[in-house]
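Undergrad: To be precise about what I am sending: the file is called data_30.cif and holds mmCIF, C-alpha atoms and all ligand atoms.
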data_structure
loop_
_atom_site.label_atom_id
_atom_site.label_comp_id
_atom_site.auth_asym_id
_atom_site.auth_seq_id
_atom_site.Cartn_x
_atom_site.Cartn_y
_atom_site.Cartn_z
CA MET A 273 14.61 19.44 21.91
CA LEU A 274 13.16 16.07 21.04
CA TYR A 275 14.20 15.87 17.44
CA GLN A 276 17.46 17.82 17.42
CA ARG A 277 19.60 15.60 15.24
CA SER A 278 16.73 14.83 12.85
CA SER A 279 16.19 18.58 12.40
CA ALA A 280 19.86 19.13 11.66
CA LEU A 281 19.98 16.23 9.21
CA PHE A 282 16.85 17.49 7.49
CA LYS A 283 18.34 20.97 7.01
CA GLU A 284 21.42 19.42 5.47
CA ALA A 285 19.35 17.13 3.24
CA GLU A 286 17.28 20.06 1.99
CA THR A 287 20.38 21.63 0.46
CA VAL A 288 20.95 18.74 -1.94
CA ILE A 289 17.67 16.77 -2.14
CA PRO A 290 14.41 18.48 -3.22
CA GLY A 291 12.44 19.02 -0.01
CA GLY A 292 15.04 16.95 1.80
CA VAL A 293 13.34 13.65 0.92
CA ASN A 294 13.26 11.11 -1.88
CA SER A 295 9.50 10.52 -1.59
CA PRO A 296 7.16 13.40 -0.73
CA VAL A 297 5.03 11.90 2.04
CA ARG A 298 8.13 11.52 4.22
CA ALA A 299 8.45 15.29 4.41
CA PHE A 300 5.71 15.80 7.07
CA LYS A 301 4.11 18.53 4.91
CA ALA A 302 0.63 17.29 5.87
CA VAL A 303 1.30 17.32 9.60
CA GLY A 304 3.92 20.07 9.97
CA GLY A 305 7.19 19.80 11.83
CA THR A 306 10.42 18.09 10.93
CA PRO A 307 10.66 14.58 9.52
CA ILE A 308 12.16 11.99 11.83
CA PHE A 309 15.35 10.44 10.45
CA ALA A 310 15.54 6.70 11.02
CA LYS A 311 18.80 5.24 12.24
CA SER A 312 17.89 1.60 12.66
CA ALA A 313 14.99 -0.71 13.29
CA LYS A 314 14.35 -4.12 14.77
CA GLY A 315 11.09 -5.99 15.13
CA ALA A 316 8.26 -3.61 15.98
CA TYR A 317 10.52 -0.64 16.73
CA VAL A 318 12.31 2.10 14.85
CA ILE A 319 15.14 4.08 16.46
CA ASP A 320 15.63 7.63 15.25
CA GLU A 321 18.84 9.67 14.98
CA ASP A 322 18.13 11.18 18.40
CA ASN A 323 18.04 7.65 19.83
CA ARG A 324 14.30 7.77 20.50
CA ARG A 325 12.41 4.52 20.14
CA TYR A 326 9.06 4.35 18.35
CA ILE A 327 6.47 1.62 18.06
CA ASP A 328 6.17 1.62 14.29
CA TYR A 329 2.86 1.52 12.42
CA ILE A 330 4.11 2.31 8.94
CA SER A 331 6.25 -0.79 8.52
CA SER A 332 8.12 0.96 5.70
CA TRP A 333 4.64 1.63 4.18
CA GLY A 334 3.80 -2.05 4.16
CA PRO A 335 6.77 -4.32 3.38
CA MET A 336 7.81 -5.11 6.98
CA ILE A 337 4.86 -7.36 7.72
CA LEU A 338 7.10 -9.63 9.82
CA GLY A 339 8.80 -6.76 11.62
CA HIS A 340 12.03 -4.90 10.88
CA ALA A 341 15.35 -6.57 10.15
CA TYR A 342 13.65 -9.96 10.03
CA GLU A 343 16.57 -12.35 10.30
CA PRO A 344 15.88 -14.83 7.46
CA VAL A 345 15.49 -11.87 5.06
CA VAL A 346 18.63 -10.10 6.28
CA ASN A 347 20.68 -13.30 6.11
CA ALA A 348 19.40 -14.18 2.64
CA VAL A 349 20.50 -10.76 1.36
CA ILE A 350 23.94 -10.97 2.99
CA GLN A 351 24.57 -14.44 1.60
CA LYS A 352 23.42 -13.48 -1.89
CA ALA A 353 25.51 -10.28 -1.98
CA LYS A 354 28.70 -12.31 -1.61
CA ASP A 355 28.01 -14.00 -4.96
CA GLY A 356 27.66 -10.72 -6.83
CA THR A 357 24.93 -8.11 -6.77
CA SER A 358 23.74 -8.05 -10.38
CA PHE A 359 24.52 -9.87 -13.62
CA GLY A 360 22.13 -8.81 -16.36
CA MET A 361 21.68 -12.55 -16.94
CA PRO A 362 18.91 -14.80 -15.72
CA THR A 363 19.40 -16.42 -12.30
CA GLU A 364 17.83 -19.47 -10.68
CA ILE A 365 16.36 -17.56 -7.75
CA GLU A 366 14.03 -15.62 -10.08
CA THR A 367 12.32 -18.88 -11.03
CA LYS A 368 12.16 -19.96 -7.37
CA ILE A 369 10.29 -16.86 -6.21
CA ALA A 370 8.09 -16.89 -9.32
CA GLN A 371 7.10 -20.51 -8.64
CA LEU A 372 6.22 -19.69 -5.06
CA ALA A 373 4.21 -16.58 -5.98
CA VAL A 374 2.30 -18.49 -8.67
CA LYS A 375 1.53 -21.18 -6.10
CA MET A 376 0.34 -18.73 -3.44
CA VAL A 377 -1.77 -16.41 -5.59
CA PRO A 378 -4.96 -17.65 -7.26
CA ASN A 379 -5.56 -17.34 -10.96
CA ILE A 380 -2.08 -16.46 -12.22
CA ASP A 381 0.21 -18.58 -14.42
CA LYS A 382 3.15 -16.25 -14.94
CA ILE A 383 4.68 -13.32 -13.13
CA ARG A 384 7.13 -10.63 -14.28
CA PHE A 385 9.34 -8.90 -11.70
CA VAL A 386 10.10 -5.18 -11.83
CA ASN A 387 11.60 -2.68 -9.36
CA SER A 388 8.63 -0.85 -7.84
CA GLY A 389 4.87 -0.80 -7.49
CA THR A 390 4.78 2.13 -9.90
CA GLU A 391 6.48 0.06 -12.58
CA ALA A 392 4.17 -2.87 -11.94
CA CYS A 393 0.99 -0.82 -12.39
CA MET A 394 2.33 1.11 -15.36
CA SER A 395 3.31 -2.14 -17.09
CA ALA A 396 0.02 -3.85 -16.21
CA VAL A 397 -1.92 -1.07 -17.91
CA ARG A 398 0.29 -1.21 -20.99
CA LEU A 399 -0.28 -4.96 -21.14
CA ALA A 400 -4.04 -4.48 -20.77
CA ARG A 401 -4.03 -1.95 -23.59
CA GLY A 402 -1.90 -4.16 -25.80
CA TYR A 403 -4.04 -7.22 -25.11
CA THR A 404 -7.40 -5.52 -25.71
CA SER A 405 -6.27 -3.01 -28.39
CA LYS A 406 -8.20 -0.35 -26.48
CA ASP A 407 -6.83 2.92 -25.02
CA LYS A 408 -8.86 4.16 -22.11
CA ILE A 409 -8.62 3.07 -18.49
CA ILE A 410 -10.90 3.58 -15.51
CA LYS A 411 -9.44 4.38 -12.11
CA PHE A 412 -11.07 5.38 -8.86
CA ALA A 413 -10.74 8.77 -7.18
CA GLY A 414 -8.41 8.42 -4.19
CA CYS A 415 -6.76 5.21 -5.39
CA TYR A 416 -3.01 5.41 -5.90
CA HIS A 417 -1.20 3.26 -8.44
CA GLY A 418 2.23 4.84 -8.37
CA HIS A 419 3.43 8.05 -9.95
CA SER A 420 3.32 7.23 -13.66
CA ASP A 421 1.49 9.80 -15.80
CA SER A 422 -1.76 7.89 -16.41
CA PHE A 423 -2.44 7.56 -12.70
CA LEU A 424 -1.69 11.04 -11.40
CA ILE A 425 -5.28 12.06 -11.63
CA GLU A 426 -7.10 12.22 -8.28
CA ALA A 427 -4.45 9.92 -6.95
CA GLY A 428 -4.74 9.46 -3.20
CA SER A 429 -2.21 9.87 -0.38
CA GLY A 430 0.93 11.75 -1.46
CA ALA A 431 -0.78 13.45 -4.36
CA VAL A 432 -3.87 14.34 -2.34
CA THR A 433 -1.93 15.41 0.71
CA PHE A 434 -0.16 18.02 -1.35
CA GLY A 435 -3.28 19.29 -3.08
CA SER A 436 -1.92 18.55 -6.53
CA PRO A 437 -4.16 15.75 -7.74
CA ASN A 438 -3.36 16.75 -11.30
CA SER A 439 0.39 17.10 -11.44
CA PRO A 440 1.94 19.57 -13.87
CA GLY A 441 3.89 17.58 -16.44
CA VAL A 442 1.07 15.16 -17.14
CA THR A 443 -0.15 15.99 -20.64
CA LYS A 444 -3.79 16.55 -21.52
CA GLY A 445 -3.42 13.77 -24.06
CA THR A 446 -2.52 11.31 -21.33
CA ALA A 447 -5.11 12.57 -18.85
CA LYS A 448 -7.96 12.18 -21.32
CA ASP A 449 -7.48 8.42 -21.45
CA THR A 450 -7.92 8.05 -17.68
CA LEU A 451 -11.57 8.04 -16.67
CA MET A 452 -12.48 8.60 -13.05
CA ALA A 453 -15.01 6.53 -11.12
CA ILE A 454 -16.11 6.61 -7.48
CA TYR A 455 -14.97 3.89 -5.08
CA ASN A 456 -17.75 1.61 -3.85
CA ASP A 457 -20.14 3.09 -6.44
CA ILE A 458 -20.77 0.60 -9.23
CA GLU A 459 -23.16 3.00 -11.02
CA SER A 460 -20.27 5.42 -11.56
CA VAL A 461 -18.36 2.66 -13.37
CA LYS A 462 -21.40 1.55 -15.33
CA ARG A 463 -21.94 5.07 -16.66
CA LEU A 464 -18.33 5.28 -17.89
CA ALA A 465 -18.45 1.82 -19.47
CA GLU A 466 -21.63 2.63 -21.34
CA ALA A 467 -20.49 6.06 -22.48
CA ASN A 468 -17.22 4.58 -23.82
CA LYS A 469 -18.38 1.35 -25.43
CA ASP A 470 -15.46 -0.63 -26.89
CA GLY A 471 -13.00 2.01 -25.70
CA ILE A 472 -11.93 0.79 -22.27
CA ALA A 473 -8.95 -1.53 -21.85
CA CYS A 474 -9.10 -2.00 -18.09
CA VAL A 475 -10.38 -0.95 -14.75
CA ILE A 476 -7.56 -0.61 -12.22
CA ILE A 477 -8.43 -0.65 -8.53
CA GLU A 478 -7.00 -1.07 -5.05
CA PRO A 479 -9.36 -3.92 -4.16
CA VAL A 480 -9.06 -2.87 -0.52
CA ALA A 481 -8.10 0.80 -0.69
CA GLY A 482 -5.22 2.03 1.46
CA ASN A 483 -4.24 5.33 -0.11
CA MET A 484 -7.19 7.37 1.09
CA GLY A 485 -6.88 5.78 4.49
CA CYS A 486 -8.09 2.22 4.72
CA ILE A 487 -11.37 1.73 2.85
CA PRO A 488 -12.60 -1.82 2.29
CA PRO A 489 -14.97 -2.52 -0.59
CA THR A 490 -18.62 -3.11 0.23
CA ASN A 491 -19.82 -6.70 -0.06
CA GLU A 492 -21.24 -6.42 -3.54
CA PHE A 493 -18.91 -3.86 -5.08
CA LEU A 494 -16.05 -6.07 -6.29
CA LYS A 495 -18.45 -8.77 -7.46
CA ASP A 496 -20.45 -6.24 -9.46
CA LEU A 497 -17.25 -4.78 -10.85
CA ARG A 498 -16.12 -8.23 -12.05
CA ALA A 499 -19.49 -8.80 -13.76
CA LEU A 500 -19.46 -5.37 -15.38
CA CYS A 501 -15.94 -5.90 -16.74
CA ASP A 502 -16.97 -9.27 -18.22
CA GLN A 503 -20.02 -7.74 -19.81
CA HIS A 504 -17.96 -5.05 -21.56
CA GLN A 505 -14.79 -7.10 -22.27
CA ILE A 506 -12.79 -4.88 -19.94
CA LEU A 507 -9.84 -6.36 -18.06
CA LEU A 508 -9.98 -6.06 -14.30
CA VAL A 509 -6.62 -5.09 -12.81
CA PHE A 510 -6.20 -5.54 -9.06
CA ASP A 511 -3.46 -3.30 -7.74
CA GLU A 512 -2.42 -5.44 -4.79
CA VAL A 513 0.85 -3.58 -4.21
CA MET A 514 -0.37 -2.87 -0.68
CA THR A 515 -2.71 -5.81 -0.07
CA GLY A 516 -0.77 -8.61 -1.79
CA PHE A 517 0.74 -11.06 0.72
CA ARG A 518 -0.60 -8.75 3.47
CA LEU A 519 -4.31 -9.50 3.72
CA ALA A 520 -4.01 -13.17 2.73
CA LYS A 521 -1.47 -15.42 1.00
CA GLY A 522 -3.41 -14.86 -2.20
CA GLY A 523 -4.30 -11.25 -1.45
CA VAL A 524 -7.76 -9.80 -2.03
CA GLN A 525 -8.47 -12.27 -4.84
CA GLU A 526 -8.40 -14.99 -2.18
CA LEU A 527 -9.96 -12.94 0.62
CA TYR A 528 -13.02 -11.89 -1.40
CA ASN A 529 -12.97 -14.88 -3.74
CA ILE A 530 -12.91 -12.75 -6.89
CA ASN A 531 -10.59 -13.26 -9.84
CA ALA A 532 -8.78 -10.34 -11.40
CA ASP A 533 -7.28 -10.50 -14.91
CA ILE A 534 -3.98 -8.84 -14.03
CA VAL A 535 -2.59 -8.45 -10.50
CA CYS A 536 0.12 -5.97 -9.42
CA PHE A 537 2.45 -6.48 -6.49
CA GLY A 538 5.03 -4.48 -4.58
CA LYS A 539 5.92 -3.77 -0.94
CA VAL A 540 5.69 -7.14 0.92
CA ILE A 541 6.86 -9.12 -2.13
CA GLY A 542 10.29 -7.47 -1.86
CA GLY A 543 10.78 -7.92 1.87
CA GLY A 544 11.99 -4.31 2.07
CA LEU A 545 14.07 -4.27 -1.10
CA PRO A 546 12.85 -2.51 -4.25
CA VAL A 547 10.59 -5.06 -5.94
CA GLY A 548 7.37 -4.93 -7.87
CA ALA A 549 5.67 -7.53 -10.04
CA PHE A 550 2.66 -8.08 -12.24
CA ALA A 551 1.02 -11.38 -13.04
CA ALA A 552 -1.80 -12.91 -15.05
CA ARG A 553 -2.95 -16.06 -16.79
CA ASN A 554 -0.92 -17.37 -19.74
CA GLU A 555 -3.25 -16.04 -22.43
CA ILE A 556 -2.55 -12.49 -21.22
CA MET A 557 1.11 -12.85 -20.23
CA GLU A 558 1.93 -14.31 -23.67
CA HIS A 559 1.47 -10.81 -25.09
CA LEU A 560 4.47 -9.57 -23.11
CA ALA A 561 7.97 -9.28 -24.65
CA PRO A 562 9.89 -11.39 -25.50
CA LEU A 563 6.93 -13.75 -26.12
CA GLY A 564 4.68 -11.05 -27.50
CA SER A 565 4.80 -7.49 -28.71
CA VAL A 566 3.98 -5.51 -25.56
CA TYR A 567 7.38 -4.17 -24.52
CA GLN A 568 8.58 -4.08 -20.93
CA ALA A 569 12.12 -4.37 -19.56
CA GLY A 570 14.47 -3.55 -16.69
CA THR A 571 18.24 -3.59 -16.20
CA LEU A 572 17.93 -4.48 -12.51
CA SER A 573 14.60 -6.35 -12.69
CA GLY A 574 14.78 -9.64 -10.81
CA ASN A 575 17.90 -8.41 -9.03
CA PRO A 576 19.37 -11.29 -6.99
CA LEU A 577 19.46 -9.40 -3.67
CA ALA A 578 15.88 -8.25 -4.09
CA MET A 579 14.77 -11.75 -5.10
CA ALA A 580 16.57 -13.27 -2.11
CA ALA A 581 14.79 -10.89 0.27
CA GLY A 582 11.43 -11.50 -1.41
CA LEU A 583 11.85 -15.26 -1.47
CA ALA A 584 12.76 -15.42 2.23
CA MET A 585 9.72 -13.28 2.98
CA LEU A 586 7.24 -15.26 0.90
CA LYS A 587 8.55 -18.57 2.23
CA THR A 588 7.90 -17.47 5.80
CA ILE A 589 4.42 -16.24 4.92
CA ASP A 590 3.65 -19.43 3.00
CA ASN A 591 4.75 -21.63 5.90
CA ASP A 592 2.93 -19.77 8.67
CA ALA A 593 -0.70 -20.89 8.69
CA SER A 594 -1.77 -18.53 11.48
CA LEU A 595 0.09 -15.34 10.47
CA PHE A 596 -2.88 -13.51 8.96
CA LYS A 597 -5.16 -14.50 11.83
CA ARG A 598 -2.62 -13.21 14.37
CA LEU A 599 -2.25 -9.94 12.49
CA ALA A 600 -6.02 -9.47 12.16
CA ASP A 601 -6.51 -10.21 15.89
CA LYS A 602 -3.89 -7.65 16.88
CA THR A 603 -5.44 -5.07 14.58
CA GLU A 604 -8.90 -5.71 15.98
CA TYR A 605 -7.51 -5.32 19.51
CA LEU A 606 -5.87 -2.02 18.60
CA HIS A 607 -9.03 -0.82 16.84
CA LYS A 608 -11.17 -1.51 19.93
CA GLY A 609 -8.66 0.12 22.28
CA CYS A 610 -8.41 3.26 20.13
CA ALA A 611 -12.19 3.46 19.70
CA GLU A 612 -12.76 3.25 23.47
CA ALA A 613 -10.29 6.04 24.18
CA LEU A 614 -11.70 8.32 21.48
CA GLU A 615 -15.29 7.66 22.51
CA GLU A 616 -14.53 8.32 26.16
CA HIS A 617 -13.16 11.74 25.19
CA GLU A 618 -15.96 12.40 22.68
CA ILE A 619 -13.63 12.76 19.71
CA VAL A 620 -15.59 12.39 16.48
CA HIS A 621 -14.10 9.50 14.50
CA THR A 622 -14.66 6.55 12.19
CA ILE A 623 -12.25 3.62 12.20
CA ASN A 624 -11.88 1.43 9.12
CA ARG A 625 -10.07 -1.89 9.28
CA GLU A 626 -9.30 -4.89 7.11
CA GLY A 627 -6.82 -7.53 8.24
CA SER A 628 -3.63 -5.75 9.32
CA MET A 629 -4.61 -2.41 7.81
CA MET A 630 -6.57 0.23 9.69
CA SER A 631 -7.07 3.96 9.88
CA ILE A 632 -8.76 6.49 12.08
CA HIS A 633 -10.73 9.03 10.10
CA PHE A 634 -11.62 12.05 12.24
CA SER A 635 -15.05 12.30 10.73
CA GLU A 636 -18.51 11.22 11.82
CA ASP A 637 -19.79 9.64 8.62
CA PRO A 638 -18.93 6.23 7.21
CA VAL A 639 -15.83 6.49 5.02
CA LEU A 640 -16.57 4.66 1.77
CA ASP A 641 -14.86 6.69 -0.92
CA PHE A 642 -12.52 9.60 -1.50
CA LYS A 643 -15.16 12.25 -0.84
CA SER A 644 -16.06 10.88 2.57
CA ALA A 645 -12.38 10.33 3.39
CA ALA A 646 -11.63 13.97 2.59
CA LYS A 647 -14.21 15.12 5.16
CA GLY A 648 -11.88 14.09 8.00
CA ASN A 649 -10.73 16.90 10.30
CA ASN A 650 -7.06 17.40 9.44
CA ASP A 651 -6.37 19.74 12.36
CA VAL A 652 -7.37 17.00 14.76
CA PHE A 653 -5.29 14.52 12.79
CA LYS A 654 -2.18 16.74 13.03
CA LYS A 655 -2.54 17.09 16.79
CA PHE A 656 -3.15 13.37 17.12
CA PHE A 657 -0.13 12.52 14.98
CA HIS A 658 2.29 14.76 16.87
CA GLY A 659 0.85 13.73 20.24
CA MET A 660 1.39 10.07 19.41
CA LEU A 661 4.88 10.79 18.08
CA ALA A 662 5.84 12.47 21.35
CA GLU A 663 4.54 9.36 23.14
CA GLY A 664 6.82 7.16 21.04
CA VAL A 665 4.29 5.89 18.49
CA TYR A 666 5.08 6.41 14.82
CA LEU A 667 1.91 6.71 12.70
CA PRO A 668 1.77 7.52 8.99
CA PRO A 669 2.25 11.30 8.69
CA SER A 670 -0.92 11.79 6.63
CA ALA A 671 -4.61 11.22 7.28
CA PHE A 672 -4.83 9.61 3.85
CA GLU A 673 -2.60 6.68 4.76
CA SER A 674 -3.37 3.35 6.29
CA TRP A 675 -1.60 2.03 9.39
CA PHE A 676 0.24 -1.23 8.76
CA LEU A 677 0.60 -3.66 11.61
CA ASN A 678 3.44 -6.15 11.69
CA ASP A 679 3.77 -9.53 13.34
CA ALA A 680 6.56 -8.37 15.68
CA LEU A 681 4.10 -6.18 17.59
CA SER A 682 3.32 -7.66 20.99
CA TYR A 683 0.15 -7.08 22.98
CA GLU A 684 2.29 -5.00 25.36
CA ASP A 685 3.18 -2.77 22.41
CA LEU A 686 -0.51 -2.49 21.53
CA ASP A 687 -1.39 -1.64 25.14
CA GLU A 688 1.34 1.01 25.19
CA THR A 689 -0.13 2.43 21.97
CA ILE A 690 -3.66 2.43 23.36
CA ALA A 691 -2.44 4.14 26.55
CA ALA A 692 -0.89 6.82 24.34
CA VAL A 693 -4.22 7.26 22.52
CA TRP A 694 -5.94 7.79 25.90
CA LYS A 695 -3.38 10.41 26.84
CA VAL A 696 -3.42 12.20 23.48
CA SER A 697 -7.23 12.08 23.20
CA LYS A 698 -7.44 14.47 26.16
CA THR A 699 -5.62 17.11 24.11
CA LEU A 700 -7.71 16.88 20.95
CA LYS A 701 -10.75 18.96 21.91
C1 LIG B 1 2.75 1.97 -2.86
C2 LIG B 1 1.75 1.72 -3.91
C3 LIG B 1 2.08 1.79 -5.27
C4 LIG B 1 3.38 2.30 -5.75
O1 LIG B 1 4.44 1.50 -5.37
P1 LIG B 1 5.95 2.13 -5.37
O2 LIG B 1 6.80 0.97 -5.03
O3 LIG B 1 5.92 3.21 -4.34
O4 LIG B 1 6.19 2.66 -6.72
C5 LIG B 1 1.12 1.41 -6.18
N1 LIG B 1 -0.07 0.98 -5.79
C6 LIG B 1 -0.44 0.91 -4.49
C7 LIG B 1 -1.78 0.39 -4.13
C8 LIG B 1 0.46 1.29 -3.51
O5 LIG B 1 0.08 1.26 -2.23
#
Rewrite the structure of this file - the entire thing - as structure tokens.
Ligand SMILES: *Cc1c(COP(=O)(O)O)cnc(C)c1O
TA:
Amino acid sequence: MLYQRSSALFKEAETVIPGGVNSPVRAFKAVGGTPIFAKSAKGAYVIDEDNRRYIDYISSWGPMILGHAYEPVVNAVIQKAKDGTSFGMPTEIETKIAQLAVKMVPNIDKIRFVNSGTEACMSAVRLARGYTSKDKIIKFAGCYHGHSDSFLIEAGSGAVTFGSPNSPGVTKGTAKDTLMAIYNDIESVKRLAEANKDGIACVIIEPVAGNMGCIPPTNEFLKDLRALCDQHQILLVFDEVMTGFRLAKGGVQELYNINADIVCFGKVIGGGLPVGAFAARNEIMEHLAPLGSVYQAGTLSGNPLAMAAGLAMLKTIDNDASLFKRLADKTEYLHKGCAEALEEHEIVHTINREGSMMSIHFSEDPVLDFKSAAKGNNDVFKKFFHGMLAEGVYLPPSAFESWFLNDALSYEDLDETIAAVWKVSKTLK
């Protein structure tokens, strides 16, 4: 049996951890079968507990943009740990990483570090509400902003995969302040803005969506959204937890040349340790405690190990002028190779790609929003996923997730992946 030890470990885990996992999408519910337990990873590869090697396309769901166990990050953490792992006092390294982030990202003066993307988005919305003195927020169906109550309404990936877009435990009172718009459909936002004049604090968006598979914005959409927000005095919050430091040094703000009012970070910014952050111009950040009255705090926020990992990561990204070009080239190469194999075997598909993010939707129509993403054939996806896994390629175990490429992937790895797609394509009809 291929996954013998993983199966045994999963059974054991299930007895003491709900569903055997600490984050639902790891449980393979969407694709069936037993989750693979990771033992170690290096560069482009993950080794499982049965000593099988996989070419990895989840990159820990984004953070490992430079590959696993990237030495400068590992060494920075080891060094830092020797000086103590947490103090509850300010440390110099927090200022260092903040300075670098503020330099790399357009249109932000100050940044506050937290422990996860969820915390970053939750705090950004509180800040937007405090700053504008308005209550309602607009989010887009299929976008995921972490698991805090206000966002668990048509919330992409994990939530969608499990068919519980509205989680029990979220009160009606909370849900009523979250208004739902359609991705890439500016009219849907306009209607909400006009029906709720002077009531909307912010629009929060994944400026390139990754939690309903990869869905880039259309050319005009973000520009129109910026203009609409200005017209109605609504803050525009870019949730760049996935895209920040992945699609460009300055994220989607830089890539599409559009300024957001508040930007959220996570994933890459922590180099694989638990880090999130939110940032804005001074006039907005001044409202945050202890400067202002919008409260936000964290015992382990700005943790020295996490900051050391993040700083080593951002430094490398900042100093590597061709990183994003290399990643985009590799992704384009993989896209073309996959498309050729699927076309040759007449497998209905649509591939979306932006920078180092891509996904194969097993659906004929263009995938522009949640509705079109949901049309994908999940039976084909399941077969594809397990076929690729057996060939030693680890893809996200849900059709609603983006693939994340990392810089450690070689063209030989990509060719091996494409060869696997050719082989697996034969079995999909
Ligand atoms: C992953 C993700 C989050 C949540 O981050 P966590 O660290 O898992 O809490 C929020 N927004 C987006 C866009 C994400 O991809």
Undergrad: Using only C-alpha atoms and all ligand atoms, which residues of the polymer chains come no farther than 7 Å from ligand LIG 1 (chain B)? I'd like the answer as a ChimeraX atom specification.
TA: /A:388-391,393,416-419,478,482-483,511-514,538-539,548
Undergrad: For CA of Pro290 in chain A and CA of Ala341 in chain A, quote the distance in Å rounded to one decimal.
TA: 28.4 Å
Undergrad: Which residue out of A:Asp637, A:Asp421, A:Asp407, A:Glu286 has the minimum interatomic distance to Gly471 in chain A when all atoms listed in the file are used?
TA: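 When distances to Gly471 in chain A are compared using all atoms listed in the file, the smallest one comes from A:Asp407.
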Undergrad: Compare A:Gly564, A:Pro378, A:Pro576, A:Gly627 by their minimum atom-to-atom distance to Leu399 in chain A, counting only C-alpha atoms, and give me the closest one.
TA: A:Gly564
Undergrad: Which is closer to Phe412 in chain A than all the others in A:Asp355, A:Glu459, A:Asp641, A:Glu555, using all atoms listed in the file?
TA: A:Asp641
Undergrad: For the point (12.8, 15.7, 15.4) in the file's frame, write as a ChimeraX atom specification all residues with an atom no more than 7 Å away, counting all atoms listed in the file.
TA: /A:274-279,306-308
Undergrad: Now that the selection is made, can you save its residues with C-alpha atoms as a PDB file, in the frame of the given file?
TA:
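Full text of out.pdb as output:
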ATOM      1  CA  LEU A 274      13.160  16.070  21.040  1.00  0.00           C
ATOM      2  CA  TYR A 275      14.200  15.870  17.440  1.00  0.00           C
ATOM      3  CA  GLN A 276      17.460  17.820  17.420  1.00  0.00           C
ATOM      4  CA  ARG A 277      19.600  15.600  15.240  1.00  0.00           C
ATOM      5  CA  SER A 278      16.730  14.830  12.850  1.00  0.00           C
ATOM      6  CA  SER A 279      16.190  18.580  12.400  1.00  0.00           C
ATOM      7  CA  THR A 306      10.420  18.090  10.930  1.00  0.00           C
ATOM      8  CA  PRO A 307      10.660  14.580   9.520  1.00  0.00           C
ATOM      9  CA  ILE A 308      12.160  11.990  11.830  1.00  0.00           C
TER      10      ILE A 308
END
Undergrad: With only C-alpha atoms as the basis for distance, which of A:Tyr455, A:Leu595, A:Ile541, A:Arg398 is at the shortest distance from Gly414 in chain A?
TA: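 Of A:Tyr455, A:Leu595, A:Ile541, A:Arg398, the one nearest Gly414 in chain A, counting only C-alpha atoms, is A:Tyr455.
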Undergrad: Missing atoms in range 583-591 of chain A: can you complete it with N, CA, C and O atoms, as a CSV table (one decimal), in the frame of the given file?
TA:
chain,number,residue,atom,x,y,z
A,583,LEU,N,12.1,-13.8,-1.6
A,583,LEU,CA,11.8,-15.3,-1.5
A,583,LEU,C,11.8,-15.7,0.0
A,583,LEU,O,10.9,-16.4,0.5
A,584,ALA,N,12.7,-15.1,0.8
A,584,ALA,CA,12.8,-15.4,2.2
A,584,ALA,C,11.4,-15.0,2.9
A,584,ALA,O,10.9,-15.6,3.7
A,585,MET,N,11.0,-13.8,2.5
A,585,MET,CA,9.7,-13.3,3.0
A,585,MET,C,8.5,-14.2,2.6
A,585,MET,O,7.8,-14.6,3.5
A,586,LEU,N,8.4,-14.5,1.4
A,586,LEU,CA,7.2,-15.3,0.9
A,586,LEU,C,7.3,-16.7,1.5
A,586,LEU,O,6.2,-17.2,1.8
A,587,LYS,N,8.5,-17.2,1.6
A,587,LYS,CA,8.6,-18.6,2.2
A,587,LYS,C,8.0,-18.6,3.6
A,587,LYS,O,7.2,-19.5,4.0
A,588,THR,N,8.4,-17.6,4.4
A,588,THR,CA,7.9,-17.5,5.8
A,588,THR,C,6.4,-17.3,5.8
A,588,THR,O,5.7,-18.0,6.6
A,589,ILE,N,5.9,-16.5,5.0
A,589,ILE,CA,4.4,-16.2,4.9
A,589,ILE,C,3.7,-17.5,4.5
A,589,ILE,O,2.7,-17.9,5.1
A,590,ASP,N,4.3,-18.2,3.5
A,590,ASP,CA,3.6,-19.4,3.0
A,590,ASP,C,3.6,-20.5,4.1
A,590,ASP,O,2.7,-21.3,4.1
A,591,ASN,N,4.6,-20.6,4.9
A,591,ASN,CA,4.8,-21.6,5.9
A,591,ASN,C,4.1,-21.4,7.2
A,591,ASN,O,4.1,-22.2,8.1
